[in-house]
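Here's coords.cif, which has mmCIF, C-alpha atoms and all ligand atoms:
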data_work
loop_
_atom_site.label_atom_id
_atom_site.label_comp_id
_atom_site.auth_asym_id
_atom_site.auth_seq_id
_atom_site.Cartn_x
_atom_site.Cartn_y
_atom_site.Cartn_z
CA MET D 1 16.52 3.43 -24.64
CA THR D 2 13.02 4.69 -23.80
CA THR D 3 10.16 2.66 -22.36
CA TYR D 4 6.65 3.69 -21.50
CA SER D 5 4.99 2.01 -18.53
CA LYS D 6 1.36 2.64 -17.68
CA ASN D 7 1.96 0.82 -14.42
CA MET D 8 5.21 1.53 -12.62
CA PHE D 9 4.87 -1.69 -10.59
CA GLU D 10 5.45 -3.76 -13.72
CA SER D 11 8.60 -2.33 -15.21
CA ASP D 12 12.33 -1.86 -14.72
CA LEU D 13 11.43 0.50 -11.87
CA VAL D 14 10.55 -2.41 -9.56
CA LYS D 15 14.20 -3.03 -8.66
CA TYR D 16 14.50 0.61 -7.56
CA TYR D 17 11.21 0.67 -5.59
CA ASP D 18 12.91 0.16 -2.20
CA VAL D 19 15.55 2.84 -2.77
CA MET D 20 12.86 5.29 -3.90
CA HIS D 21 10.90 4.52 -0.70
CA SER D 22 13.89 4.61 1.63
CA HIS D 23 12.42 7.71 3.34
CA ARG D 24 9.68 5.50 4.81
CA ASN D 25 10.03 3.86 8.21
CA TYR D 26 8.66 0.37 7.53
CA SER D 27 9.70 -0.85 11.00
CA GLN D 28 7.57 1.86 12.63
CA GLU D 29 4.66 1.10 10.28
CA CYS D 30 4.83 -2.60 11.19
CA GLN D 31 5.17 -1.91 14.92
CA PHE D 32 2.09 0.32 14.68
CA ALA D 33 0.17 -2.35 12.71
CA ASN D 34 1.20 -4.97 15.27
CA ASN D 35 0.03 -2.78 18.18
CA LEU D 36 -3.35 -2.11 16.57
CA ILE D 37 -3.93 -5.71 15.48
CA GLN D 38 -3.20 -6.95 19.00
CA LYS D 39 -5.34 -4.21 20.54
CA TYR D 40 -8.37 -5.02 18.38
CA CYS D 41 -7.88 -8.79 18.04
CA PRO D 42 -5.53 -10.10 20.72
CA GLY D 43 -3.69 -13.28 19.74
CA SER D 44 -4.15 -12.77 15.97
CA LYS D 45 -1.63 -14.67 13.87
CA ARG D 46 -2.90 -14.96 10.29
CA VAL D 47 -2.59 -11.69 8.39
CA LEU D 48 -3.11 -10.66 4.79
CA ASP D 49 -0.86 -7.99 3.24
CA ILE D 50 -2.82 -6.51 0.32
CA GLY D 51 -0.66 -4.97 -2.42
CA CYS D 52 2.47 -6.23 -0.62
CA GLY D 53 4.80 -4.79 -3.27
CA THR D 54 8.43 -5.74 -2.61
CA GLY D 55 7.43 -7.46 0.65
CA GLU D 56 8.95 -5.03 3.15
CA HIS D 57 5.96 -5.12 5.55
CA ALA D 58 5.30 -8.82 4.93
CA ILE D 59 8.87 -9.78 5.88
CA LYS D 60 8.91 -7.55 8.97
CA MET D 61 5.49 -8.79 10.13
CA ALA D 62 6.69 -12.40 9.73
CA GLN D 63 9.74 -11.48 11.83
CA LEU D 64 7.29 -10.21 14.49
CA GLY D 65 5.76 -13.70 14.58
CA TYR D 66 2.82 -13.45 12.15
CA GLU D 67 1.86 -16.00 9.49
CA VAL D 68 1.76 -13.61 6.56
CA THR D 69 0.17 -14.00 3.15
CA GLY D 70 1.24 -11.22 0.81
CA ILE D 71 -0.68 -10.65 -2.40
CA ASP D 72 0.14 -8.36 -5.27
CA MET D 73 -1.20 -8.27 -8.79
CA SER D 74 2.24 -7.43 -10.18
CA GLN D 75 4.29 -10.48 -11.04
CA ASP D 76 7.50 -8.37 -10.96
CA MET D 77 6.79 -7.16 -7.41
CA ILE D 78 6.06 -10.69 -6.17
CA LYS D 79 9.23 -12.06 -7.79
CA PHE D 80 11.27 -9.32 -6.09
CA ALA D 81 9.51 -9.90 -2.73
CA LYS D 82 10.18 -13.65 -2.91
CA GLU D 83 13.91 -13.04 -3.48
CA LYS D 84 14.00 -10.65 -0.50
CA ALA D 85 12.16 -13.08 1.80
CA LYS D 86 14.59 -15.83 0.81
CA ARG D 87 17.59 -13.58 1.51
CA ALA D 88 16.07 -12.63 4.89
CA GLY D 89 15.48 -16.33 5.70
CA VAL D 90 11.80 -15.61 6.41
CA SER D 91 8.81 -17.74 5.45
CA VAL D 92 6.04 -15.68 3.79
CA ASP D 93 3.29 -16.96 1.50
CA LEU D 94 3.63 -14.59 -1.48
CA ARG D 95 1.06 -14.86 -4.26
CA CYS D 96 0.62 -12.98 -7.50
CA THR D 97 -3.08 -12.31 -7.32
CA ASP D 98 -5.69 -9.63 -6.95
CA ILE D 99 -7.68 -9.00 -3.78
CA HIS D 100 -10.78 -9.92 -5.82
CA ASP D 101 -9.51 -13.51 -6.20
CA ARG D 102 -12.42 -15.70 -5.14
CA ASP D 103 -10.13 -18.18 -3.33
CA ILE D 104 -9.33 -15.63 -0.61
CA VAL D 105 -12.31 -16.16 1.70
CA ARG D 106 -12.69 -15.82 5.49
CA GLU D 107 -9.13 -16.89 6.16
CA PHE D 108 -7.58 -13.98 8.00
CA GLN D 109 -7.75 -12.49 11.50
CA ALA D 110 -6.23 -9.25 10.20
CA ALA D 111 -5.50 -7.54 6.90
CA TYR D 112 -3.63 -4.38 6.00
CA CYS D 113 -3.20 -2.36 2.85
CA LEU D 114 -0.37 0.16 3.23
CA GLY D 115 1.64 2.47 0.99
CA TYR D 116 -1.50 4.44 -0.13
CA THR D 117 -2.56 1.60 -2.45
CA PHE D 118 -6.20 2.39 -1.66
CA LEU D 119 -5.86 5.71 -3.54
CA TYR D 120 -5.68 3.73 -6.79
CA MET D 121 -9.39 3.01 -6.33
CA THR D 122 -10.42 6.09 -8.28
CA THR D 123 -14.21 5.65 -8.14
CA TYR D 124 -16.62 4.82 -5.30
CA SER D 125 -17.57 1.66 -7.10
CA GLU D 126 -13.92 0.46 -7.28
CA ALA D 127 -13.35 1.47 -3.64
CA MET D 128 -16.45 -0.42 -2.48
CA GLY D 129 -15.58 -3.48 -4.57
CA PHE D 130 -12.12 -3.46 -2.97
CA LEU D 131 -13.45 -3.07 0.61
CA MET D 132 -16.06 -5.77 0.11
CA ALA D 133 -13.33 -8.14 -1.12
CA VAL D 134 -11.25 -7.30 1.99
CA ASN D 135 -14.31 -7.92 4.17
CA LYS D 136 -14.78 -11.34 2.54
CA ALA D 137 -11.14 -12.26 3.23
CA LEU D 138 -11.50 -11.61 6.98
CA LEU D 139 -12.96 -13.71 9.75
CA PRO D 140 -15.81 -12.00 11.67
CA GLN D 141 -14.37 -9.30 13.99
CA GLY D 142 -11.14 -9.36 11.98
CA ILE D 143 -9.31 -6.03 11.76
CA PHE D 144 -8.41 -4.11 8.63
CA LEU D 145 -5.85 -1.26 8.43
CA VAL D 146 -5.67 1.05 5.45
CA ASP D 147 -3.50 4.14 4.97
CA PHE D 148 -3.98 7.06 2.62
CA ILE D 149 -2.65 10.56 1.95
CA ASP D 150 -5.15 13.09 3.26
CA GLY D 151 -7.10 14.73 0.41
CA TRP D 152 -5.97 18.25 1.33
CA SER D 153 -2.30 17.22 1.17
CA LEU D 154 -2.84 15.84 -2.32
CA ILE D 155 -4.65 18.99 -3.46
CA GLU D 156 -2.09 21.35 -1.95
CA GLY D 157 0.99 19.30 -2.94
CA LEU D 158 3.51 20.74 -5.36
CA PRO D 159 2.57 20.43 -9.05
CA GLN D 160 6.19 19.56 -9.90
CA ASP D 161 8.90 17.76 -7.99
CA LYS D 162 12.25 16.09 -8.56
CA PHE D 163 14.43 13.62 -6.68
CA VAL D 164 17.77 11.90 -7.24
CA TYR D 165 18.62 8.45 -5.87
CA GLN D 166 21.85 6.46 -5.89
CA HIS D 167 21.75 2.67 -5.94
CA GLU D 168 24.67 0.27 -6.49
CA GLY D 169 26.48 2.52 -8.93
CA THR D 170 23.28 3.63 -10.69
CA THR D 171 21.86 7.15 -10.51
CA ILE D 172 18.09 7.52 -10.81
CA PHE D 173 16.67 10.94 -11.67
CA HIS D 174 12.96 11.20 -10.89
CA PHE D 175 10.80 14.06 -12.20
CA GLU D 176 7.07 14.34 -11.67
CA GLN D 177 4.37 16.66 -12.88
CA ALA D 178 0.90 16.59 -11.34
CA SER D 179 -2.47 17.99 -12.29
CA LEU D 180 -5.88 17.88 -10.62
CA ASP D 181 -8.91 16.47 -12.37
CA LYS D 182 -11.53 18.19 -10.22
CA LYS D 183 -14.49 16.47 -11.82
CA ARG D 184 -13.14 12.96 -11.13
CA ARG D 185 -11.52 14.10 -7.81
CA VAL D 186 -8.30 12.57 -9.00
CA LYS D 187 -4.68 13.75 -8.93
CA HIS D 188 -2.96 12.67 -12.12
CA ILE D 189 0.84 12.34 -11.92
CA ASP D 190 3.20 11.89 -14.86
CA PHE D 191 6.55 10.40 -13.90
CA TYR D 192 9.71 10.63 -15.90
CA TYR D 193 12.81 8.65 -14.90
CA LEU D 194 16.37 8.72 -16.23
CA ILE D 195 18.36 5.69 -15.13
CA ASP D 196 22.08 6.21 -15.60
CA GLN D 197 24.18 3.11 -15.01
CA HIS D 198 27.33 5.10 -15.84
CA ASP D 199 28.26 2.66 -18.62
CA GLY D 200 27.33 5.03 -21.45
CA ASN D 201 23.65 3.96 -21.52
CA VAL D 202 20.87 6.07 -20.04
CA LYS D 203 17.45 4.48 -19.87
CA THR D 204 14.33 6.67 -19.92
CA ILE D 205 11.06 5.47 -18.41
CA PHE D 206 7.71 7.24 -18.47
CA ALA D 207 4.93 6.20 -16.11
CA GLU D 208 1.73 7.72 -14.82
CA GLU D 209 -0.81 7.22 -12.08
CA ASP D 210 -4.15 8.50 -10.87
CA LEU D 211 -4.69 8.96 -7.14
CA ARG D 212 -8.19 9.49 -5.79
CA ILE D 213 -8.61 12.48 -3.49
CA PHE D 214 -10.23 10.95 -0.40
CA PHE D 215 -11.08 12.52 2.95
CA ASP D 216 -11.22 10.74 6.28
CA ASP D 217 -15.01 10.89 6.64
CA GLU D 218 -15.50 9.38 3.17
CA ILE D 219 -13.28 6.42 4.05
CA HIS D 220 -15.28 5.90 7.27
CA MET D 221 -18.53 6.00 5.30
CA LEU D 222 -17.24 3.53 2.70
CA LEU D 223 -16.00 1.14 5.39
CA SER D 224 -19.29 1.34 7.25
CA ASP D 225 -21.22 0.66 4.01
CA CYS D 226 -19.03 -2.40 3.45
CA SER D 227 -19.89 -4.00 6.82
CA PHE D 228 -17.07 -2.70 8.97
CA GLU D 229 -17.50 -1.21 12.47
CA ASN D 230 -15.36 0.31 15.29
CA ILE D 231 -13.81 2.61 12.69
CA LYS D 232 -11.00 4.84 14.00
CA SER D 233 -8.40 7.09 12.40
CA PHE D 234 -4.77 7.62 13.38
CA GLY D 235 -2.12 9.98 12.07
CA ASN D 236 1.32 9.04 10.80
CA TYR D 237 1.43 5.42 12.06
CA SER D 238 1.12 6.60 15.66
CA LEU D 239 -1.37 5.67 18.39
CA ASP D 240 -0.95 9.18 19.82
CA THR D 241 -4.32 10.81 19.00
CA ASP D 242 -2.74 14.30 18.67
CA ALA D 243 -0.78 13.06 15.63
CA LEU D 244 -4.01 12.93 13.60
CA ASP D 245 -4.39 16.73 13.60
CA THR D 246 -0.99 17.39 12.08
CA SER D 247 -0.45 14.38 9.84
CA ASN D 248 -0.60 14.11 6.05
CA ILE D 249 -0.88 10.36 6.29
CA ILE D 250 -3.96 8.83 7.88
CA VAL D 251 -4.40 5.20 8.86
CA VAL D 252 -7.95 3.95 9.36
CA ALA D 253 -8.62 0.82 11.41
CA ALA D 254 -11.93 -1.04 11.21
CA GLN D 255 -13.38 -4.35 12.31
CA LYS D 256 -15.48 -6.71 10.22
CA ARG D 257 -19.03 -6.87 11.58
CA GLY D 258 -20.27 -10.21 12.78
CA GLN D 259 -19.89 -12.70 15.56
CA ASN D 260 -16.50 -14.26 16.14
CA LYS D 261 -17.21 -17.97 16.62
CA GLY D 262 -13.73 -18.46 18.11
C1 LIG Q 301 2.20 1.84 -3.82
S1 LIG Q 301 2.57 0.13 -3.90
C2 LIG Q 301 2.62 -0.28 -2.18
C3 LIG Q 301 3.49 -1.47 -1.90
C4 LIG Q 301 3.69 -1.79 -0.41
N1 LIG Q 301 2.44 -2.07 0.26
C5 LIG Q 301 4.42 -0.67 0.29
O1 LIG Q 301 3.84 -0.05 1.20
O2 LIG Q 301 5.57 -0.41 -0.04
C6 LIG Q 301 1.00 -0.54 -4.42
C7 LIG Q 301 1.04 -2.04 -4.75
O3 LIG Q 301 -0.30 -2.54 -4.77
C8 LIG Q 301 -0.46 -3.43 -5.86
N2 LIG Q 301 -1.92 -3.49 -6.11
C9 LIG Q 301 -2.70 -2.47 -6.54
N3 LIG Q 301 -4.00 -2.88 -6.61
C10 LIG Q 301 -4.03 -4.19 -6.20
C11 LIG Q 301 -5.06 -5.18 -6.08
N4 LIG Q 301 -6.33 -4.90 -6.39
N5 LIG Q 301 -4.74 -6.43 -5.63
C12 LIG Q 301 -3.43 -6.72 -5.35
N6 LIG Q 301 -2.40 -5.83 -5.47
C13 LIG Q 301 -2.70 -4.58 -5.89
C14 LIG Q 301 0.44 -2.85 -6.95
O4 LIG Q 301 0.80 -3.83 -7.91
C15 LIG Q 301 1.63 -2.34 -6.13
O5 LIG Q 301 2.65 -3.30 -6.00
#

Could you write out this file's structure as structure tokens?
Amino acid sequence: MTTYSKNMFESDLVKYYDVMHSHRNYSQECQFANNLIQKYCPGSKRVLDIGCGTGEHAIKMAQLGYEVTGIDMSQDMIKFAKEKAKRAGVSVDLRCTDIHDRDIVREFQAAYCLGYTFLYMTTYSEAMGFLMAVNKALLPQGIFLVDFIDGWSLIEGLPQDKFVYQHEGTTIFHFEQASLDKKRRVKHIDFYYLIDQHDGNVKTIFAEEDLRIFFDDEIHMLLSDCSFENIKSFGNYSLDTDALDTSNIIVVAAQKRGQNKG
């Protein structure tokens, strides 16, 4: 059977998302987010997880004592995240919605958007719309953390790659082919998956995505234009400033301008 999915977050791939991201250290990412949130805004409790996906950060942040609201525009991701939170015995407010939802206003002391979700904002206008919506969701002086793959790493990355994952008796073959659209400053990636459940059926899924090639100074400029201040970059989910020079992954922290009325 063959399916085509424009968006890999709304397909049969959702149940394999965690196994395909098992190389990531979510505990370290959450510990880093916790350290930064408490450094910028001591005592913060209410946090917004934007593009929460399968809920890995949301669950771990709740376990660290936060009141977490996780939003994701994919119904499949939210369903999966809710099942995981239930299994973990953790209370997280998980909503299938977009960051542009007008109900999300000035509620949060902190917000984060991790897993390079920001790279899906492929134009300045989308990126600014997204950052302005985040700004609106935060209380004055609230902190926002956003991670992205450094533009040079995207440009210099391999044009082709392949991976194999094993999950509960299923083998997932992952092939990808990338090309650069220099005019749009976008990396286009075609994904091709073979899912072999070893029962005689092999499922084929095609998906694709566009990732914007962003550089650190552009992200600072966009954040500043969207009413953020105290903007700082960190490498690889580490507070060690040396890590920034060698890291492919950059996390930018910024604070919403305005007076905190307590
Ligand atoms: C690459 S995944 C990251 C998931 C998770 N944060 C992680 O680190 O594993 C990106 C997620 O963001 C969601 N997403 C993208 N744009 C969004 C938006 N504007 N509002 C809410 N969710 C969004 C997608 O549906 C997808 O689940």

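Computed from the coordinates, the atom CA of D:Asn201 to atom CA of D:Asp18 distance equals 22.4 Å.
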
Close residues to ligand LIG 301 (chain Q) using all atoms listed in the file, limit 9 Å, as a PyMOL selection string: chain D and resi 7-10+14+17-18+21+24+26+49-58+70-78+96-101+112-121+130

Which of D:Ile195, D:Leu211, D:Ile172, D:Leu154 sits closest to D:Asn248 [using only C-alpha atoms]: D:Leu154

From D:Gln197, D:Gln255, D:Ser179, D:Gln31, residue lying nearest D:Glu229 [all atoms listed in the file]: D:Gln255

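Checking D:Cys226, D:Ala137, D:Ala110, D:Val164 one by one against D:Leu36, counting all atoms listed in the file, you find the shortest gap at D:Ala110.
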
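With atom CA of D:Gly89 on one side and atom CA of D:Gly65 on the other, the separation reads 13.4 Å.
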
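You will find atom CA of D:Ser91 at 18.0 Å from atom CA of D:Glu107.
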
Nearest residue to D:Ser44 from the set D:Leu239, D:Val252, D:Ile143, D:Leu13 (distances using all atoms listed in the file): D:Ile143

Who sits within 9 Å of D:Val19, all atoms listed in the file, same chain under 4 positions skipped, as a PDB file with C-alpha atoms, in the coordinates of the input:
ATOM      1  CA  LYS D  15      14.200  -3.030  -8.660  1.00  0.00           C
ATOM      2  CA  HIS D  23      12.420   7.710   3.340  1.00  0.00           C
ATOM      3  CA  TYR D 165      18.620   8.450  -5.870  1.00  0.00           C
ATOM      4  CA  GLN D 166      21.850   6.460  -5.890  1.00  0.00           C
ATOM      5  CA  HIS D 167      21.750   2.670  -5.940  1.00  0.00           C
TER       6      HIS D 167
END

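Each of D:Lys187, D:Lys45, D:Asp93, D:Ala127 was compared to D:Gly142 using only C-alpha atoms, and D:Lys45 turns out to be the nearest.
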
Can we get stretch 138-163 of chain D of that structure written down with N, CA and C atoms, as a PDB file, in the first residue's frame?
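Writing done, so here's decode.pdb:
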ATOM      1  N   LEU D 138       2.396  35.537  25.734  1.00  0.00           N
ATOM      2  CA  LEU D 138       3.213  35.694  26.948  1.00  0.00           C
ATOM      3  C   LEU D 138       2.788  36.886  27.791  1.00  0.00           C
ATOM      4  N   LEU D 139       3.035  36.773  29.093  1.00  0.00           N
ATOM      5  CA  LEU D 139       2.907  37.927  29.972  1.00  0.00           C
ATOM      6  C   LEU D 139       4.129  38.824  29.745  1.00  0.00           C
ATOM      7  N   PRO D 140       4.033  40.142  30.046  1.00  0.00           N
ATOM      8  CA  PRO D 140       5.213  40.999  29.896  1.00  0.00           C
ATOM      9  C   PRO D 140       6.408  40.418  30.669  1.00  0.00           C
ATOM     10  N   GLN D 141       7.577  40.477  30.053  1.00  0.00           N
ATOM     11  CA  GLN D 141       8.831  39.922  30.605  1.00  0.00           C
ATOM     12  C   GLN D 141       8.871  38.394  30.554  1.00  0.00           C
ATOM     13  N   GLY D 142       7.859  37.784  29.942  1.00  0.00           N
ATOM     14  CA  GLY D 142       7.873  36.323  29.789  1.00  0.00           C
ATOM     15  C   GLY D 142       8.983  35.912  28.835  1.00  0.00           C
ATOM     16  N   ILE D 143       9.486  34.699  29.028  1.00  0.00           N
ATOM     17  CA  ILE D 143      10.634  34.243  28.214  1.00  0.00           C
ATOM     18  C   ILE D 143      10.170  33.274  27.130  1.00  0.00           C
ATOM     19  N   PHE D 144      10.828  33.387  25.979  1.00  0.00           N
ATOM     20  CA  PHE D 144      10.552  32.481  24.861  1.00  0.00           C
ATOM     21  C   PHE D 144      11.859  31.814  24.432  1.00  0.00           C
ATOM     22  N   LEU D 145      11.810  30.487  24.232  1.00  0.00           N
ATOM     23  CA  LEU D 145      12.974  29.732  23.745  1.00  0.00           C
ATOM     24  C   LEU D 145      12.626  29.107  22.402  1.00  0.00           C
ATOM     25  N   VAL D 146      13.507  29.286  21.434  1.00  0.00           N
ATOM     26  CA  VAL D 146      13.251  28.676  20.123  1.00  0.00           C
ATOM     27  C   VAL D 146      14.554  28.062  19.604  1.00  0.00           C
ATOM     28  N   ASP D 147      14.470  26.846  19.092  1.00  0.00           N
ATOM     29  CA  ASP D 147      15.693  26.224  18.555  1.00  0.00           C
ATOM     30  C   ASP D 147      15.609  26.130  17.029  1.00  0.00           C
ATOM     31  N   PHE D 148      16.748  26.078  16.402  1.00  0.00           N
ATOM     32  CA  PHE D 148      16.788  25.904  14.942  1.00  0.00           C
ATOM     33  C   PHE D 148      18.128  25.300  14.538  1.00  0.00           C
ATOM     34  N   ILE D 149      18.146  24.708  13.338  1.00  0.00           N
ATOM     35  CA  ILE D 149      19.406  24.181  12.797  1.00  0.00           C
ATOM     36  C   ILE D 149      20.087  25.358  12.105  1.00  0.00           C
ATOM     37  N   ASP D 150      21.332  25.593  12.449  1.00  0.00           N
ATOM     38  CA  ASP D 150      22.073  26.706  11.860  1.00  0.00           C
ATOM     39  C   ASP D 150      22.051  26.620  10.322  1.00  0.00           C
ATOM     40  N   GLY D 151      21.856  27.765   9.674  1.00  0.00           N
ATOM     41  CA  GLY D 151      21.727  27.806   8.212  1.00  0.00           C
ATOM     42  C   GLY D 151      22.860  27.102   7.478  1.00  0.00           C
ATOM     43  N   TRP D 152      24.104  27.282   7.964  1.00  0.00           N
ATOM     44  CA  TRP D 152      25.239  26.642   7.269  1.00  0.00           C
ATOM     45  C   TRP D 152      25.131  25.124   7.325  1.00  0.00           C
ATOM     46  N   SER D 153      24.664  24.595   8.459  1.00  0.00           N
ATOM     47  CA  SER D 153      24.529  23.131   8.577  1.00  0.00           C
ATOM     48  C   SER D 153      23.491  22.615   7.595  1.00  0.00           C
ATOM     49  N   LEU D 154      22.424  23.387   7.400  1.00  0.00           N
ATOM     50  CA  LEU D 154      21.413  22.948   6.426  1.00  0.00           C
ATOM     51  C   LEU D 154      21.987  22.988   5.006  1.00  0.00           C
ATOM     52  N   ILE D 155      22.736  24.046   4.714  1.00  0.00           N
ATOM     53  CA  ILE D 155      23.284  24.189   3.350  1.00  0.00           C
ATOM     54  C   ILE D 155      24.301  23.080   3.072  1.00  0.00           C
ATOM     55  N   GLU D 156      25.150  22.827   4.086  1.00  0.00           N
ATOM     56  CA  GLU D 156      26.247  21.875   3.855  1.00  0.00           C
ATOM     57  C   GLU D 156      25.856  20.416   4.127  1.00  0.00           C
ATOM     58  N   GLY D 157      24.632  20.201   4.603  1.00  0.00           N
ATOM     59  CA  GLY D 157      24.190  18.821   4.923  1.00  0.00           C
ATOM     60  C   GLY D 157      24.177  17.944   3.680  1.00  0.00           C
ATOM     61  N   LEU D 158      24.176  16.645   3.906  1.00  0.00           N
ATOM     62  CA  LEU D 158      24.206  15.695   2.795  1.00  0.00           C
ATOM     63  C   LEU D 158      22.940  15.810   1.943  1.00  0.00           C
ATOM     64  N   PRO D 159      23.060  15.728   0.616  1.00  0.00           N
ATOM     65  CA  PRO D 159      21.851  15.782  -0.209  1.00  0.00           C
ATOM     66  C   PRO D 159      20.998  14.519  -0.103  1.00  0.00           C
ATOM     67  N   GLN D 160      21.637  13.405   0.320  1.00  0.00           N
ATOM     68  CA  GLN D 160      20.887  12.147   0.453  1.00  0.00           C
ATOM     69  C   GLN D 160      21.255  11.500   1.775  1.00  0.00           C
ATOM     70  N   ASP D 161      20.305  10.819   2.375  1.00  0.00           N
ATOM     71  CA  ASP D 161      20.628  10.102   3.611  1.00  0.00           C
ATOM     72  C   ASP D 161      19.667   8.931   3.771  1.00  0.00           C
ATOM     73  N   LYS D 162      20.051   7.980   4.611  1.00  0.00           N
ATOM     74  CA  LYS D 162      19.139   6.857   4.870  1.00  0.00           C
ATOM     75  C   LYS D 162      19.328   6.349   6.307  1.00  0.00           C
ATOM     76  N   PHE D 163      18.254   5.875   6.878  1.00  0.00           N
ATOM     77  CA  PHE D 163      18.269   5.381   8.253  1.00  0.00           C
ATOM     78  C   PHE D 163      17.361   4.154   8.325  1.00  0.00           C
TER      79      PHE D 163
END
